[in-house]
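What's in target16.pdb: PDB, C-alpha atoms
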```
ATOM      1  CA  MET A  27       4.821   4.472   1.552
ATOM      2  CA  ILE A  28       0.980   5.474   1.867
ATOM      3  CA  SER A  29      -1.515   5.187   4.796
ATOM      4  CA  LEU A  30      -4.903   5.930   6.280
ATOM      5  CA  ASN A  31      -7.086   7.792   8.694
ATOM      6  CA  LEU A  32      -8.222   6.276  11.972
ATOM      7  CA  ASN A  33     -10.414   9.178  13.088
ATOM      8  CA  SER A  34     -13.704   7.529  12.116
ATOM      9  CA  PRO A  35     -16.602   9.922  11.608
ATOM     10  CA  SER A  36     -19.139   9.989  14.433
ATOM     11  CA  PRO A  37     -21.512  12.891  13.833
ATOM     12  CA  ALA A  38     -24.465  13.894  16.086
ATOM     13  CA  LYS A  39     -28.276  13.626  15.362
ATOM     14  CA  ASP A  40     -29.838  12.760  12.027
ATOM     15  CA  ALA A  41     -26.897  12.215   9.711
ATOM     16  CA  ASP A  42     -24.581  12.849  12.596
ATOM     17  CA  THR A  43     -25.603  10.716  15.533
ATOM     18  CA  LYS A  44     -22.766   9.264  17.545
ATOM     19  CA  GLY A  45     -22.149   5.769  16.308
ATOM     20  CA  SER A  46     -23.514   6.367  12.795
ATOM     21  CA  ARG A  47     -21.236   6.811   9.804
ATOM     22  CA  ILE A  48     -21.342   8.742   6.573
ATOM     23  CA  ALA A  49     -21.023   6.076   3.911
ATOM     24  CA  VAL A  50     -19.355   8.242   1.279
ATOM     25  CA  ILE A  51     -16.400   8.934   3.597
ATOM     26  CA  ASP A  52     -15.844   5.239   4.278
ATOM     27  CA  THR A  53     -16.151   4.626   0.543
ATOM     28  CA  ALA A  54     -13.605   7.320  -0.271
ATOM     29  CA  ARG A  55     -11.155   5.939   2.275
ATOM     30  CA  GLY A  56     -11.647   2.421   0.924
ATOM     31  CA  VAL A  57     -10.937   3.599  -2.627
ATOM     32  CA  ALA A  58      -7.793   5.366  -1.394
ATOM     33  CA  LEU A  59      -6.627   2.152   0.295
ATOM     34  CA  ILE A  60      -7.110   0.196  -2.937
ATOM     35  CA  ALA A  61      -5.212   2.868  -4.871
ATOM     36  CA  MET A  62      -2.416   2.705  -2.288
ATOM     37  CA  THR A  63      -2.246  -1.080  -2.727
ATOM     38  CA  ILE A  64      -1.938  -0.713  -6.507
ATOM     39  CA  TYR A  65       0.930   1.748  -6.135
ATOM     40  CA  HIS A  66       2.732  -0.372  -3.553
ATOM     41  CA  PHE A  67       2.354  -3.443  -5.762
ATOM     42  CA  THR A  68       4.073  -1.511  -8.553
ATOM     43  CA  TRP A  69       6.907  -0.744  -6.126
ATOM     44  CA  ASP A  70       7.107  -4.433  -5.168
ATOM     45  CA  LEU A  71       7.272  -5.550  -8.816
ATOM     46  CA  GLU A  72      10.132  -3.113  -9.348
ATOM     47  CA  PHE A  73      11.891  -4.327  -6.201
ATOM     48  CA  PHE A  74      11.784  -7.952  -7.386
ATOM     49  CA  GLY A  75      12.849  -7.042 -10.926
ATOM     50  CA  TRP A  76       9.623  -7.406 -12.908
ATOM     51  CA  LEU A  77       9.693  -3.682 -13.683
ATOM     52  CA  LEU A  78      12.593  -1.416 -14.623
ATOM     53  CA  PRO A  79      14.399   0.499 -11.850
ATOM     54  CA  ALA A  80      12.770   3.808 -10.881
ATOM     55  CA  THR A  81       9.429   2.811 -12.467
ATOM     56  CA  ALA A  82       7.550   3.643  -9.256
ATOM     57  CA  THR A  83       9.115   7.124  -9.161
ATOM     58  CA  THR A  84       8.420   8.131 -12.758
ATOM     59  CA  THR A  85       6.258  11.243 -13.068
ATOM     60  CA  PRO A  86       2.824   9.613 -13.673
ATOM     61  CA  LEU A  87       3.183   7.094 -10.831
ATOM     62  CA  LEU A  88       4.786   9.654  -8.522
ATOM     63  CA  GLU A  89       1.842  12.003  -9.044
ATOM     64  CA  PHE A  90      -0.505   9.054  -8.467
ATOM     65  CA  ALA A  91       1.222   8.404  -5.120
ATOM     66  CA  ARG A  92       0.991  12.068  -4.157
ATOM     67  CA  ALA A  93      -2.711  12.121  -4.994
ATOM     68  CA  ILE A  94      -3.266   9.093  -2.755
ATOM     69  CA  ALA A  95      -1.338  10.703   0.102
ATOM     70  CA  PHE A  96      -3.359  13.900  -0.319
ATOM     71  CA  SER A  97      -6.633  11.954  -0.185
ATOM     72  CA  PHE A  98      -5.702  10.240   3.077
ATOM     73  CA  LEU A  99      -4.596  13.449   4.750
ATOM     74  CA  PHE A 100      -7.668  15.295   3.446
ATOM     75  CA  LEU A 101      -9.901  12.598   4.949
ATOM     76  CA  VAL A 102      -8.019  12.926   8.233
ATOM     77  CA  GLY A 103      -9.179  16.540   8.402
ATOM     78  CA  ILE A 104     -12.808  15.758   7.581
ATOM     79  CA  SER A 105     -12.955  12.876  10.027
ATOM     80  CA  LEU A 106     -11.274  14.881  12.777
ATOM     81  CA  VAL A 107     -14.179  17.335  12.720
ATOM     82  CA  LEU A 108     -16.814  14.595  12.585
ATOM     83  CA  ALA A 109     -15.200  12.587  15.380
ATOM     84  CA  HIS A 110     -15.485  15.517  17.806
ATOM     85  CA  GLN A 111     -18.773  17.027  16.678
ATOM     86  CA  LYS A 112     -22.017  16.757  18.627
ATOM     87  CA  ARG A 113     -25.532  18.188  18.562
ATOM     88  CA  ASN A 114     -26.168  20.775  21.289
ATOM     89  CA  ASP A 115     -29.448  20.990  23.246
ATOM     90  CA  ASP A 116     -30.597  23.857  21.015
ATOM     91  CA  GLY A 117     -29.958  21.752  17.894
ATOM     92  CA  SER A 118     -26.740  23.444  16.846
ATOM     93  CA  LEU A 119     -23.582  21.472  16.106
ATOM     94  CA  ILE A 120     -20.655  22.128  18.413
ATOM     95  CA  ILE A 121     -17.142  20.758  18.865
ATOM     96  CA  GLN A 122     -16.544  18.688  21.979
ATOM     97  CA  ILE A 123     -13.206  16.908  21.836
ATOM     98  CA  ARG A 124     -13.496  13.289  22.924
ATOM     99  CA  TRP A 125     -10.100  13.104  24.537
ATOM    100  CA  ARG A 126     -10.124   9.433  25.492
ATOM    101  CA  ALA A 127     -11.035   8.274  21.987
ATOM    102  CA  PHE A 128      -8.549  10.709  20.480
ATOM    103  CA  TRP A 129      -5.604   9.537  22.591
ATOM    104  CA  ILE A 130      -6.411   5.869  21.976
ATOM    105  CA  ARG A 131      -6.322   6.475  18.215
ATOM    106  CA  PHE A 132      -3.245   8.667  18.507
ATOM    107  CA  VAL A 133      -1.311   6.000  20.411
ATOM    108  CA  GLN A 134      -2.381   3.331  17.897
ATOM    109  CA  ILE A 135      -1.163   5.391  14.948
ATOM    110  CA  ALA A 136       2.051   6.450  16.684
ATOM    111  CA  ALA A 137       2.825   2.845  17.617
ATOM    112  CA  ALA A 138       2.217   1.721  14.027
ATOM    113  CA  ALA A 139       4.489   4.519  12.808
ATOM    114  CA  ALA A 140       7.218   3.331  15.171
ATOM    115  CA  ILE A 141       6.842  -0.209  13.812
ATOM    116  CA  ILE A 142       7.213   1.092  10.239
ATOM    117  CA  THR A 143      10.351   3.024  11.178
ATOM    118  CA  THR A 144      11.892  -0.001  12.879
ATOM    119  CA  VAL A 145      11.088  -2.447  10.069
ATOM    120  CA  THR A 146      12.316  -0.129   7.304
ATOM    121  CA  TRP A 147      15.478   0.681   9.276
ATOM    122  CA  LEU A 148      16.264  -3.037   9.422
ATOM    123  CA  ALA A 149      15.190  -3.868   5.844
ATOM    124  CA  PHE A 150      16.076  -0.665   3.954
ATOM    125  CA  PRO A 151      18.705   1.246   5.950
ATOM    126  CA  GLY A 152      19.280   3.603   3.021
ATOM    127  CA  GLY A 153      15.616   4.593   2.821
ATOM    128  CA  THR A 154      14.306   4.350   6.384
ATOM    129  CA  ILE A 155      10.829   5.819   6.836
ATOM    130  CA  PHE A 156      11.351   8.187   9.770
ATOM    131  CA  PHE A 157       8.487  10.586   8.980
ATOM    132  CA  GLY A 158       6.114   8.861   6.601
ATOM    133  CA  ILE A 159       2.381   9.235   6.275
ATOM    134  CA  LEU A 160       1.565   7.436   9.546
ATOM    135  CA  HIS A 161       3.873   9.818  11.409
ATOM    136  CA  ALA A 162       2.198  12.703   9.562
ATOM    137  CA  ILE A 163      -1.313  11.530  10.444
ATOM    138  CA  ALA A 164      -0.393  11.350  14.124
ATOM    139  CA  LEU A 165       1.140  14.844  14.176
ATOM    140  CA  PHE A 166      -1.434  16.485  11.898
ATOM    141  CA  SER A 167      -4.315  15.056  13.952
ATOM    142  CA  LEU A 168      -2.796  16.551  17.102
ATOM    143  CA  VAL A 169      -2.163  19.965  15.549
ATOM    144  CA  GLY A 170      -5.535  19.845  13.803
ATOM    145  CA  LEU A 171      -7.308  19.979  17.160
ATOM    146  CA  LEU A 172      -6.230  23.641  17.399
ATOM    147  CA  PHE A 173      -8.344  24.480  14.341
ATOM    148  CA  LEU A 174     -11.561  22.623  15.163
ATOM    149  CA  ARG A 175     -13.321  25.597  16.783
ATOM    150  CA  LEU A 176     -12.202  28.156  14.209
ATOM    151  CA  ARG A 177     -14.258  29.401  11.257
ATOM    152  CA  TRP A 178     -13.804  27.510   8.018
ATOM    153  CA  PHE A 179     -12.243  30.436   6.138
ATOM    154  CA  VAL A 180      -9.598  30.863   8.863
ATOM    155  CA  THR A 181      -8.636  27.205   8.505
ATOM    156  CA  LEU A 182      -8.595  27.598   4.711
ATOM    157  CA  CYS A 183      -6.208  30.553   4.994
ATOM    158  CA  ALA A 184      -3.973  28.477   7.275
ATOM    159  CA  ALA A 185      -3.954  25.673   4.669
ATOM    160  CA  ILE A 186      -2.908  28.113   1.947
ATOM    161  CA  ALA A 187      -0.155  29.508   4.186
ATOM    162  CA  VAL A 188       1.201  26.055   5.054
ATOM    163  CA  PHE A 189       1.301  25.075   1.391
ATOM    164  CA  ALA A 190       2.937  28.349   0.340
ATOM    165  CA  ILE A 191       5.625  28.080   3.024
ATOM    166  CA  GLY A 192       6.372  24.495   2.011
ATOM    167  CA  GLN A 193       6.772  25.526  -1.632
ATOM    168  CA  THR A 194       8.799  28.704  -1.184
ATOM    169  CA  PHE A 195      10.841  28.602   2.030
ATOM    170  CA  SER A 196      13.825  26.534   3.157
ATOM    171  CA  HIS A 197      16.802  27.048   5.454
ATOM    172  CA  ASP A 198      19.953  25.166   6.373
ATOM    173  CA  ILE A 199      18.889  24.967  10.030
ATOM    174  CA  PHE A 200      16.124  22.530   9.028
ATOM    175  CA  THR A 201      18.734  20.171   7.568
ATOM    176  CA  HIS A 202      19.348  18.904  11.117
ATOM    177  CA  PRO A 203      17.520  15.563  11.664
ATOM    178  CA  ALA A 204      15.621  17.046  14.604
ATOM    179  CA  PHE A 205      13.714  19.255  12.145
ATOM    180  CA  PHE A 206      13.090  16.756   9.346
ATOM    181  CA  TRP A 207       9.408  16.641  10.328
ATOM    182  CA  ALA A 208       9.037  20.236   9.111
ATOM    183  CA  GLY A 209      10.103  19.612   5.503
ATOM    184  CA  LEU A 210      11.961  22.913   5.154
ATOM    185  CA  ALA A 211      15.508  21.597   4.690
ATOM    186  CA  THR A 212      17.474  22.938   1.721
ATOM    187  CA  THR A 213      18.254  19.317   0.781
ATOM    188  CA  PRO A 214      15.379  16.884   1.465
ATOM    189  CA  PRO A 215      16.391  13.759   3.410
ATOM    190  CA  VAL A 216      16.378  10.357   1.710
ATOM    191  CA  SER A 217      13.436   8.141   2.673
ATOM    192  CA  ASN A 218      11.079   5.671   1.007
ATOM    193  CA  ASP A 219       8.132   7.701   2.326
ATOM    194  CA  TYR A 220       8.515  11.328   3.398
ATOM    195  CA  VAL A 221       5.428  13.415   4.290
ATOM    196  CA  PRO A 222       6.579  16.516   6.227
ATOM    197  CA  MET A 223       4.334  19.157   7.762
ATOM    198  CA  PHE A 224       5.142  21.737   5.097
ATOM    199  CA  PRO A 225       3.412  21.467   2.655
ATOM    200  CA  TRP A 226       1.454  18.284   3.478
ATOM    201  CA  MET A 227      -0.505  19.525   6.489
ATOM    202  CA  ALA A 228      -2.300  21.789   4.044
ATOM    203  CA  ALA A 229      -4.282  18.727   2.909
ATOM    204  CA  THR A 230      -5.508  18.006   6.445
ATOM    205  CA  LEU A 231      -6.394  21.667   7.017
ATOM    206  CA  LEU A 232      -8.358  21.689   3.749
ATOM    207  CA  GLY A 233     -10.303  18.668   5.014
ATOM    208  CA  ILE A 234     -11.030  20.439   8.299
ATOM    209  CA  ALA A 235     -12.121  23.598   6.439
ATOM    210  CA  LEU A 236     -14.490  21.663   4.169
ATOM    211  CA  ALA A 237     -16.016  19.804   7.139
ATOM    212  CA  GLN A 238     -16.472  23.115   8.991
ATOM    213  CA  LEU A 239     -18.170  24.627   5.940
ATOM    214  CA  LEU A 240     -20.490  21.623   5.560
ATOM    215  CA  THR A 241     -21.373  21.925   9.244
ATOM    216  CA  GLN A 242     -22.156  25.623   8.847
ATOM    217  CA  LEU A 243     -24.355  24.856   5.839
ATOM    218  CA  GLU A 244     -26.017  21.920   7.646
ATOM    219  CA  SER A 245     -25.142  19.717   4.660
ATOM    220  CA  TRP A 246     -24.141  16.468   6.385
ATOM    221  CA  SER A 247     -27.627  14.969   6.052
ATOM    222  CA  SER A 248     -27.554  15.463   2.277
ATOM    223  CA  LEU A 249     -24.091  13.967   2.033
ATOM    224  CA  ALA A 250     -25.144  10.979   4.124
ATOM    225  CA  ARG A 251     -27.771  10.055   1.528
ATOM    226  CA  PHE A 252     -25.103   9.386  -1.115
ATOM    227  CA  THR A 253     -24.527   5.638  -1.350
ATOM    228  CA  LEU A 254     -23.321   3.040  -3.835
ATOM    229  CA  PRO A 255     -24.586  -0.524  -4.398
ATOM    230  CA  GLN A 256     -23.886  -2.770  -1.424
ATOM    231  CA  ALA A 257     -21.692  -5.073  -3.514
ATOM    232  CA  VAL A 258     -19.350  -2.120  -4.036
ATOM    233  CA  GLU A 259     -19.674  -0.462  -0.645
ATOM    234  CA  ARG A 260     -19.360  -3.523   1.585
ATOM    235  CA  PRO A 261     -15.723  -4.459   0.806
ATOM    236  CA  LEU A 262     -14.644  -0.807   0.676
ATOM    237  CA  HIS A 263     -16.236  -0.080   4.041
ATOM    238  CA  PHE A 264     -14.724  -3.208   5.581
ATOM    239  CA  ILE A 265     -11.140  -2.244   4.752
ATOM    240  CA  SER A 266     -11.887   1.390   5.623
ATOM    241  CA  ARG A 267     -13.004   0.445   9.129
ATOM    242  CA  HIS A 268      -9.910  -1.721   9.568
ATOM    243  CA  SER A 269      -7.597   0.691   7.773
ATOM    244  CA  LEU A 270      -4.637   0.562  10.162
ATOM    245  CA  VAL A 271      -4.534  -3.238  10.177
ATOM    246  CA  TYR A 272      -4.925  -3.252   6.404
ATOM    247  CA  TYR A 273      -2.042  -0.806   6.026
ATOM    248  CA  LEU A 274       0.280  -2.824   8.247
ATOM    249  CA  ILE A 275      -0.343  -6.220   6.633
ATOM    250  CA  HIS A 276      -0.911  -5.528   2.925
ATOM    251  CA  GLN A 277       2.777  -5.059   2.060
ATOM    252  CA  PRO A 278       4.090  -8.125   3.959
ATOM    253  CA  ILE A 279       1.409 -10.230   2.238
ATOM    254  CA  MET A 280       2.243  -8.962  -1.255
ATOM    255  CA  ILE A 281       5.996  -9.209  -0.732
ATOM    256  CA  GLY A 282       5.585 -12.701   0.713
ATOM    257  CA  ILE A 283       3.569 -13.846  -2.310
ATOM    258  CA  LEU A 284       6.108 -12.442  -4.770
ATOM    259  CA  TRP A 285       8.986 -13.981  -2.799
ATOM    260  CA  CYS A 286       7.306 -17.392  -2.999
ATOM    261  CA  VAL A 287       6.793 -16.974  -6.754
ATOM    262  CA  VAL A 288      10.517 -16.251  -7.168
ATOM    263  CA  ALA A 289      11.528 -19.050  -4.810
ATOM    264  CA  ILE A 290       9.694 -21.726  -6.819
ATOM    265  CA  GLY A 291      11.429 -20.647 -10.008
ATOM    266  CA  PHE A 292       9.032 -18.191 -11.630
ATOM    267  CA  GLY A 293      11.138 -15.102 -11.102
ATOM    268  CA  PRO A 294      11.370 -12.302 -13.671
ATOM    269  CA  ASP A 295      13.832 -12.159 -16.547
ATOM    270  CA  ARG A 296      16.102  -9.420 -15.280
ATOM    271  CA  THR A 297      17.848  -8.818 -18.591
ATOM    272  CA  SER A 298      15.868  -5.626 -19.238
ATOM    273  CA  THR A 299      16.746  -4.371 -15.762
ATOM    274  CA  PHE A 300      20.434  -5.073 -16.383
ATOM    275  CA  LEU A 301      20.365  -3.360 -19.787
ATOM    276  CA  HIS A 302      18.565  -0.337 -18.361
ATOM    277  CA  SER A 303      21.064   0.106 -15.516
ATOM    278  CA  CYS A 304      24.051  -0.549 -17.771
ATOM    279  CA  ASN A 305      22.887   2.052 -20.297
ATOM    280  CA  GLN A 306      22.195   4.584 -17.552
ATOM    281  CA  GLN A 307      25.830   4.311 -16.435
ATOM    282  CA  CYS A 308      27.274   4.188 -19.952
ATOM    283  CA  VAL A 309      25.429   6.913 -21.879
ATOM    284  CA  PRO A 310      26.925   9.951 -20.098
ATOM    285  CA  SER A 311      30.399   9.075 -21.440
ATOM    286  CA  ARG A 312      29.751   7.116 -24.665
ATOM    287  CA  SER A 313      27.338   7.126 -27.591
ATOM    288  CA  ALA A 314      23.960   5.389 -27.413
ATOM    289  CA  ALA A 315      24.980   2.947 -30.171
ATOM    290  CA  PHE A 316      28.148   1.971 -28.293
ATOM    291  CA  CYS A 317      26.249   1.538 -25.013
ATOM    292  CA  ASN A 318      23.526  -0.646 -26.543
ATOM    293  CA  SER A 319      26.119  -2.947 -28.091
ATOM    294  CA  TYR A 320      28.352  -3.015 -25.008
ATOM    295  CA  CYS A 321      25.515  -3.711 -22.559
ATOM    296  CA  SER A 322      24.033  -6.498 -24.701
ATOM    297  CA  CYS A 323      27.481  -8.094 -24.943
ATOM    298  CA  MET A 324      27.915  -7.891 -21.154
ATOM    299  CA  ALA A 325      24.511  -9.449 -20.481
ATOM    300  CA  ASN A 326      25.139 -12.337 -22.863
ATOM    301  CA  GLY A 327      28.669 -12.831 -21.554
ATOM    302  CA  LEU A 328      27.550 -13.001 -17.920
ATOM    303  CA  LYS A 329      24.872 -15.519 -18.869
ATOM    304  CA  ASP A 330      27.425 -17.654 -20.729
ATOM    305  CA  MET A 331      29.625 -17.576 -17.612
ATOM    306  CA  LYS A 332      26.620 -18.571 -15.459
ATOM    307  CA  GLN A 333      27.211 -15.421 -13.440
ATOM    308  CA  PHE A 334      24.288 -13.251 -14.511
ATOM    309  CA  THR A 335      22.064 -14.059 -11.526
ATOM    310  CA  PRO A 336      24.937 -13.863  -8.990
ATOM    311  CA  PHE A 337      25.879 -10.485 -10.490
ATOM    312  CA  MET A 338      22.310  -9.171 -10.218
ATOM    313  CA  ASP A 339      22.149 -10.423  -6.632
ATOM    314  CA  GLY A 340      25.411  -8.656  -5.775
ATOM    315  CA  GLU A 341      27.289 -11.922  -5.276
ATOM    316  CA  PHE A 342      29.660 -11.586  -8.263
ATOM    317  CA  ASN A 343      32.042  -8.636  -8.477
ATOM    318  CA  ILE A 344      33.313  -8.135 -12.025
ATOM    319  CA  SER A 345      36.189  -5.880 -10.936
ATOM    320  CA  GLU A 346      37.592  -8.595  -8.676
ATOM    321  CA  ASP A 347      37.288 -11.482 -11.163
ATOM    322  CA  GLN A 348      39.685 -11.980 -14.072
ATOM    323  CA  ARG A 349      36.929 -13.470 -16.220
ATOM    324  CA  GLY A 350      34.856 -10.389 -15.624
ATOM    325  CA  GLN A 351      37.729  -8.105 -16.578
ATOM    326  CA  ASP A 352      38.315 -10.065 -19.764
ATOM    327  CA  LEU A 353      34.603  -9.825 -20.595
ATOM    328  CA  ILE A 354      34.642  -6.044 -20.183
ATOM    329  CA  LEU A 355      37.604  -5.697 -22.568
ATOM    330  CA  GLN A 356      35.979  -8.038 -25.070
ATOM    331  CA  CYS A 357      32.677  -6.144 -25.022
ATOM    332  CA  ILE A 358      34.412  -2.763 -25.384
ATOM    333  CA  ALA A 359      36.288  -4.041 -28.422
ATOM    334  CA  GLU A 360      33.115  -5.420 -30.004
ATOM    335  CA  ALA A 361      31.139  -2.216 -29.355
ATOM    336  CA  GLU A 362      33.835  -0.044 -30.912
TER     337      GLU A 362
END
```

The structure in this file should be written as structure tokens.
Amino acid sequence: MISLNLNSPSPAKDADTKGSRIAVIDTARGVALIAMTIYHFTWDLEFFGWLLPATATTTPLLEFARAIAFSFLFLVGISLVLAHQKRNDDGSLIIQIRWRAFWIRFVQIAAAAAIITTVTWLAFPGGTIFFGILHAIALFSLVGLLFLRLRWFVTLCAAIAVFAIGQTFSHDIFTHPAFFWAGLATTPPVSNDYVPMFPWMAATLLGIALAQLLTQLESWSSLARFTLPQAVERPLHFISRHSLVYYLIHQPIMIGILWCVVAIGFGPDRTSTFLHSCNQQCVPSRSAAFCNSYCSCMANGLKDMKQFTPFMDGEFNISEDQRGQDLILQCIAEAE
């Protein structure tokens, strides 16, 4: 659901010579990638049944995910400025867009985004990622080029405007799939990762504005001196410099490991998941005491019938099985 920035910083002389890097930016991106992995692992544990349904979308974890997405998009803005910045003959820093490098990165990100869309369409048709963070990075990087030569406060005002529009405006016309990228639909589309332009491009514009301000203040050299111990920096910088590859392979690896754990017989006890879902469906119409008793009876009954796992896997339909119908009646009677 969360990605990265491929626009690696390449400043001009001193702290900004083409080919050099500002360590703190690679470190920040590496930390964001680790945070993304932690969140995705939580999602995977929920998917396999180790955690209760909707755990990954509870408020604390949802805000954690949003903070990670913001950090990636913010770094896109900073790196976009650095990637196209050079030292002029008179010593001043100017913007000179390196079109070849930009289009190579753009195509790489867009291709990866297309892969994500295809895979999620096949694996999760109800939550296909059609405009996730990779799609956003590609589009925001392209649009961000328009702001590179502007003053930092103009870019900051644009960021505020984008955020405000995303928070306050919507219209039915944007409900059409052709406009889902905008994020202004009255009813947001369903997706496992949705990062539309409004309000999310505000994060990239904030990154551009900060980089422009640091350039104006000639502060890149000071920032470049900030480092951490090599034992910490080295692994973070490695994954940062291979961020797209890392993003594409980390989920298949984690899901593959968890699948193997389940396959060899160390799967989770899904009783708590069953009880949670059962209570969620029951409570709106019956008392909490009734629902707790009824759901416990159903779980134990399905286990006695050797149908608990088939039921959880969607292979046993209670409404079409006489034993299941009898169990429902029995559990209702006991709960009452």

What are the centre and the three edge lengths of an axis-aligned box that wraps all atoms of range 227-234 of chain A in the file, given that 3 Å is added to every side, written as AutoDock Vina command-line options and rounded to one decimal in Å?
```
--center_x -5.8 --center_y 19.9 --center_z 5.6 --size_x 16.5 --size_y 9.8 --size_z 11.4
```

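Rounded to one decimal, CA of Phe264 in chain A and CA of Gly56 in chain A lie 7.9 Å from each other.
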
Give me the result of the PyMOL selection byres ((chain A and resi 154-169) around 7) on this file, residue by residue, as a compact mmCIF listing (two decimals) with C-alpha atoms, keeping the file's coordinate frame.
```txt
# COMPACT_ATOMS: atom_id res chain seq x y z
CA MET A 27 4.82 4.47 1.55
CA ILE A 28 0.98 5.47 1.87
CA SER A 29 -1.52 5.19 4.80
CA LEU A 99 -4.60 13.45 4.75
CA PHE A 132 -3.24 8.67 18.51
CA ILE A 135 -1.16 5.39 14.95
CA ALA A 136 2.05 6.45 16.68
CA ALA A 139 4.49 4.52 12.81
CA ILE A 142 7.21 1.09 10.24
CA THR A 143 10.35 3.02 11.18
CA THR A 146 12.32 -0.13 7.30
CA TRP A 147 15.48 0.68 9.28
CA PHE A 150 16.08 -0.66 3.95
CA PRO A 151 18.70 1.25 5.95
CA GLY A 152 19.28 3.60 3.02
CA GLY A 153 15.62 4.59 2.82
CA GLY A 170 -5.54 19.84 13.80
CA LEU A 171 -7.31 19.98 17.16
CA LEU A 172 -6.23 23.64 17.40
CA TRP A 207 9.41 16.64 10.33
CA SER A 217 13.44 8.14 2.67
CA ASN A 218 11.08 5.67 1.01
CA ASP A 219 8.13 7.70 2.33
CA TYR A 220 8.52 11.33 3.40
CA VAL A 221 5.43 13.42 4.29
CA PRO A 222 6.58 16.52 6.23
CA MET A 227 -0.50 19.52 6.49
CA THR A 230 -5.51 18.01 6.44
```

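For the residues A:Trp246, A:Trp125, A:Gln256, A:Cys321, ranking by smallest atom-to-atom distance to Gln356 in chain A using only C-alpha atoms places A:Cys321 first.
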
remark   = CA of Gly103 in chain A to CA of Ala237 in chain A measures 7.7 Å

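Taken over the whole file, the PyMOL selection byres ((chain A and resi 338-350) around 10) covers exactly Gly75, Arg296, Thr297, Thr299, Phe300, Met324, Gly327, Leu328, Met331, Gln333, Phe334, Thr335, Pro336, Phe337, Gln351, Asp352, Leu353, Ile354, Leu355 and Gln356 of chain A.
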
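When all atoms listed in the file are used to measure the gap to Phe189 in chain A, the shortest distance among A:Ala208, A:Ser245, A:Leu176, A:Asp70 belongs to A:Ala208.
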
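Take CA of Ile290 in chain A and CA of Leu71 in chain A: the distance between them is 16.5 Å.
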
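Among the candidates A:Arg175, A:Tyr65, A:Ser319, A:Ser247, the residue lying nearest to Pro86 in chain A is A:Tyr65 (atoms considered: only C-alpha atoms).
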
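Comparing A:Val102, A:Val216, A:Ile120, A:Phe73 by their smallest distance to Ala235 in chain A, the closest is A:Val102 (using only C-alpha atoms).
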
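For Phe173 in chain A, the residues within 9 Å (counting only C-alpha atoms, excluding itself and residues fewer than 6 positions away along the chain) are Val180, Thr181, Leu231, Ile234 and Ala235 of chain A.
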
Just C-alpha atoms for this one: save the residues we selected as a PDB file, in the frame of the given file.
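Output file selection26.pdb follows:
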```
ATOM      1  CA  VAL A 180      -9.598  30.863   8.863  1.00  0.00           C
ATOM      2  CA  THR A 181      -8.636  27.205   8.505  1.00  0.00           C
ATOM      3  CA  LEU A 231      -6.394  21.667   7.017  1.00  0.00           C
ATOM      4  CA  ILE A 234     -11.030  20.439   8.299  1.00  0.00           C
ATOM      5  CA  ALA A 235     -12.121  23.598   6.439  1.00  0.00           C
TER       6      ALA A 235
END
```

key: Selection result of the PyMOL selection byres ((chain A and resi 251) around 10) on this file, as an NGL selection string   = :A and (41 or 48-50 or 246-250 or 252-254)

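The residue set within 12 Å of Leu88 in chain A, counting all atoms listed in the file and dropping same-chain residues fewer than 5 places from it, reads A:Met27, A:Ile28, A:Met62, A:Tyr65, A:His66, A:Thr68, A:Trp69, A:Ala80, A:Thr81, A:Ala82, A:Thr83, A:Ala93, A:Ile94, A:Ala95, A:Asp219.
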
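Here the question is which of A:Thr84, A:Thr212, A:Thr63, A:Ser269 gets nearest to Phe200 in chain A using all atoms listed in the file, and that residue is A:Thr212.
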
Kindly complete range 141-147 of chain A to N, CA, C and O atoms; the output should be written as a PDB file, keeping the file's coordinate frame.
```
ATOM      1  N   ILE A 141       6.596   1.111  14.410  1.00  0.00           N
ATOM      2  CA  ILE A 141       6.842  -0.209  13.812  1.00  0.00           C
ATOM      3  C   ILE A 141       7.386  -0.046  12.389  1.00  0.00           C
ATOM      4  O   ILE A 141       8.356  -0.708  11.997  1.00  0.00           O
ATOM      5  N   ILE A 142       6.762   0.848  11.614  1.00  0.00           N
ATOM      6  CA  ILE A 142       7.213   1.092  10.239  1.00  0.00           C
ATOM      7  C   ILE A 142       8.648   1.587  10.228  1.00  0.00           C
ATOM      8  O   ILE A 142       9.473   1.138   9.408  1.00  0.00           O
ATOM      9  N   THR A 143       8.978   2.507  11.108  1.00  0.00           N
ATOM     10  CA  THR A 143      10.351   3.024  11.178  1.00  0.00           C
ATOM     11  C   THR A 143      11.332   1.908  11.500  1.00  0.00           C
ATOM     12  O   THR A 143      12.388   1.783  10.858  1.00  0.00           O
ATOM     13  N   THR A 144      10.995   1.083  12.470  1.00  0.00           N
ATOM     14  CA  THR A 144      11.892  -0.001  12.879  1.00  0.00           C
ATOM     15  C   THR A 144      12.097  -1.016  11.756  1.00  0.00           C
ATOM     16  O   THR A 144      13.229  -1.412  11.453  1.00  0.00           O
ATOM     17  N   VAL A 145      11.003  -1.437  11.137  1.00  0.00           N
ATOM     18  CA  VAL A 145      11.088  -2.447  10.069  1.00  0.00           C
ATOM     19  C   VAL A 145      11.879  -1.916   8.881  1.00  0.00           C
ATOM     20  O   VAL A 145      12.737  -2.612   8.327  1.00  0.00           O
ATOM     21  N   THR A 146      11.601  -0.673   8.461  1.00  0.00           N
ATOM     22  CA  THR A 146      12.316  -0.129   7.304  1.00  0.00           C
ATOM     23  C   THR A 146      13.775   0.161   7.626  1.00  0.00           C
ATOM     24  O   THR A 146      14.636   0.088   6.747  1.00  0.00           O
ATOM     25  N   TRP A 147      14.076   0.473   8.873  1.00  0.00           N
ATOM     26  CA  TRP A 147      15.478   0.681   9.276  1.00  0.00           C
ATOM     27  C   TRP A 147      16.250  -0.620   9.170  1.00  0.00           C
ATOM     28  O   TRP A 147      17.410  -0.626   8.743  1.00  0.00           O
TER      29      TRP A 147
END
```
